[in-house]
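Asks: Below you will find the structure I want to go over with you.
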Amino acid sequence: MFDLLIKGGTLPDGTVADIAIAGDKIAEIAPKIVAEAREVIEATGDLVTPPFVDPHFHLDATLSYGLPRVNASGTLLEGISLWGELREIATVEEMVARALQYCDWAASMGLLAIRSHVDTTPDHLNTVTAMLEVREKVKDYIDLQLVAFPQDGLYRAPNGRENLIRALDMGVEVVGGIPHFERTMADGAASLADLCQIASDRGLWVDIHCDETDDPMSRHIETLAYETQRLGLQGRVAGSHLTSMHSMDNYYVSKLLPLIAEAGISAIPNPLINIVLQGRHDTFPKRRGLTRVKEMQAMGIAVGWGQDCVLDPWYSLGTADMLDVAFMGMHVAQMTHPAEMARCFTMVTETNAQIIGLSDYGLKKGAKASLVVLDAANPVDALRLRPARLAVVAKGKVIARSPRADAVLSLPGRPGSVRRRAPQR
């Protein structure tokens with residue numbers, strides 16, 4: 001007898017299959033499984049997908065919108081300033097409570113793996129203490145990775161480097177940085193060499209806030225590619241944001257993209273946030289606030305969508321729905337060919353899992369039994385609808401359910417209810 005059987009679901013590749021779960025593992029996937037199970041979920045006609053993955057978030061600041069006040073300018077720099085005030089007055093208990101509430105949202109949306117940057121600037125490191133506690137509390141249903149992130153700069157902030165080392169010693173597992181926020185370009189490049197060396201010495205992964213600016217001369221991604229190759233970190237490094245690339249001249253980018261590909265660096269644009277924060281100093285034309293997604297993918301670079309922020313000093317909206325993120329990215333990157341739209345769905349599932357190094361991920365025998373049943377027919381339909389999560393399974397247990405969102409109609413001569421799925425052809 002299996003613990004759970006999902007029957008008749010449509011997988012992202014269009015295959016229709018039953019999925020049997022025993023304990024916290026997928027025991028079998030086949031066109032038809034004839035067996036008893038303690039619980040059966042009927043998923044005929046519904047999309048069954050691996051869980052959503054967010055490779056870039058700030059859990060220490062989430063759900064703090066309006067504290068200590070609203071970001072009036074809407075700029076990145078005012079957001080950093082506001083967070084600098086808040087992190088000095090927010091208690092560990094408050095940050096834990098906010099983060100756990102967000103994790104409840106994430107679980108309900110089938111977002112079961114998150115990489116969160118944690119600010120290591122303040123000497124008290126309450127941010128780190130709080131997020132380590134959250135990681136322990138949610139480990140049974142959310143895989144939470146933590147990045148030691150010197151928000152005010154590794155060298156620019158007093159004790160910036162020392163506090164990052166302390167955070168790693170406390171159990172934070174990824175090395176972060178923000179080279180474009182250092183005092184000079186030279187300091188930014190030096191910080192990258194230092195951070196990559198720290199990661200190499202400790203056997204850790206690297207995730208850098210890299211060139212999150214409209215300045216086309218901010219070219220730290222080039223240095224990150226060099227240091228990655230020099231230290232043999234290929235496959236363990238991500239460059240997040242990379243928005244300066246939207247302003248670089250095409251000749252330079254034609255040199256840069258092969259360097260990123262050679263270094264095996266992944267890219268994590270954050271379309272909801274970048275489209276809001278970038279181009280604030282532009283009149284018209286306004287830059288779109290997104291890096292060169294399709295161009296990087298054409299070079300074989302792994303590119304995944306990140307959420308970045310929800311209801312915090314930088315972003316006043318958000319729902320913990322990675323399909324919202326992919327929907328915005330699809331529009332801003334103009335990825336509207338059917339194959340490109342399907343790829344946008346993969347960018348918040350398999351690609352993001354690859355970028356953050358998840359093991360035992362996916363719909364395959366022997367993998368971790370985490371999946372989502374969506375009220376959609378296929379991945380593109382899911383992007384269009386951002387539908388209800390009919391069931392969310394985390395490590396073999398059903399942790400969330402939502403009803404279908406069918407509307408009841410009272411129209412003469414028309415059906416009594418409507419479901420907004422695309423017509424099947």
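To be explicit about the labels: the chains of the structure tokens are called A, B, and onward in the order shown, and within each one the residues are counted from 1, while ligands get numbers from 1 in the order they are shown.
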Give me, as a PyMOL selection string, all polymer residues having an atom no more than 12 Å from Leu67 of chain A, counting only C-alpha atoms and skipping those fewer than 3 positions away in the same chain.

Replies: chain A and resi 61-64+70-71+79+81-90+311-314+316

Asks: Would you pick out the contacts of segment 129-138 of chain A at 7 Å or less, using only C-alpha atoms, so that residues sharing its chain but fewer than 3 positions from it are not included, and give the list as number ranges by chain?

Replies: A: 60, 92, 95-96, 100, 125-126, 141-142, 144

Asks: Restricted to N, CA and C atoms, what would the selected residues look like written as a PDB file, in the first residue's frame?

Replies:
ATOM      1  N   ASP A  60      14.508  38.213   5.675  1.00  0.00           N
ATOM      2  CA  ASP A  60      14.620  39.002   6.905  1.00  0.00           C
ATOM      3  C   ASP A  60      13.804  40.291   6.841  1.00  0.00           C
ATOM      4  N   VAL A  92      14.534  39.890  17.010  1.00  0.00           N
ATOM      5  CA  VAL A  92      14.606  38.543  16.443  1.00  0.00           C
ATOM      6  C   VAL A  92      13.206  37.949  16.352  1.00  0.00           C
ATOM      7  N   MET A  95      11.215  39.386  13.387  1.00  0.00           N
ATOM      8  CA  MET A  95      11.679  38.889  12.089  1.00  0.00           C
ATOM      9  C   MET A  95      11.292  37.433  11.896  1.00  0.00           C
ATOM     10  N   VAL A  96      11.361  36.642  12.947  1.00  0.00           N
ATOM     11  CA  VAL A  96      10.947  35.238  12.849  1.00  0.00           C
ATOM     12  C   VAL A  96       9.457  35.159  12.523  1.00  0.00           C
ATOM     13  N   LEU A 100       8.023  33.497   9.137  1.00  0.00           N
ATOM     14  CA  LEU A 100       7.180  32.308   9.205  1.00  0.00           C
ATOM     15  C   LEU A 100       5.831  32.553   8.534  1.00  0.00           C
ATOM     16  N   LEU A 125      23.945  40.957  14.398  1.00  0.00           N
ATOM     17  CA  LEU A 125      23.577  39.801  13.571  1.00  0.00           C
ATOM     18  C   LEU A 125      22.245  39.167  13.992  1.00  0.00           C
ATOM     19  N   ASN A 126      21.310  40.001  14.464  1.00  0.00           N
ATOM     20  CA  ASN A 126      19.978  39.486  14.783  1.00  0.00           C
ATOM     21  C   ASN A 126      19.291  38.905  13.554  1.00  0.00           C
ATOM     22  N   TYR A 141       9.090  21.130   5.488  1.00  0.00           N
ATOM     23  CA  TYR A 141       8.282  21.375   4.291  1.00  0.00           C
ATOM     24  C   TYR A 141       8.891  22.369   3.321  1.00  0.00           C
ATOM     25  N   ILE A 142       9.824  23.225   3.754  1.00  0.00           N
ATOM     26  CA  ILE A 142      10.490  24.159   2.845  1.00  0.00           C
ATOM     27  C   ILE A 142      11.996  23.991   2.975  1.00  0.00           C
ATOM     28  N   LEU A 144      15.172  25.757   2.820  1.00  0.00           N
ATOM     29  CA  LEU A 144      15.576  27.157   2.920  1.00  0.00           C
ATOM     30  C   LEU A 144      17.097  27.262   2.954  1.00  0.00           C
TER      31      LEU A 144
END

Asks: Between atom CA of Leu323 of chain A and atom CA of Phe345 of chain A, what is the distance in Å, rounded to a tenth?

Replies: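 Separation of atom CA of Leu323 of chain A and atom CA of Phe345 of chain A: 7.5 Å.
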
Asks: Using only C-alpha atoms, can you tell me which of A:Ala72, A:Met248, A:Leu4, A:Leu164 comes closest to Ala369 of chain A?

Replies: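 The answer is A:Leu4, which sits nearest to Ala369 of chain A.
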
Asks: Taking into account only C-alpha atoms, which residue in the set A:Asp3, A:Asp123, A:Ile273, A:Arg219 is nearest to Met185 of chain A?

Replies: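 Distance minimum relative to Met185 of chain A lands on A:Arg219.
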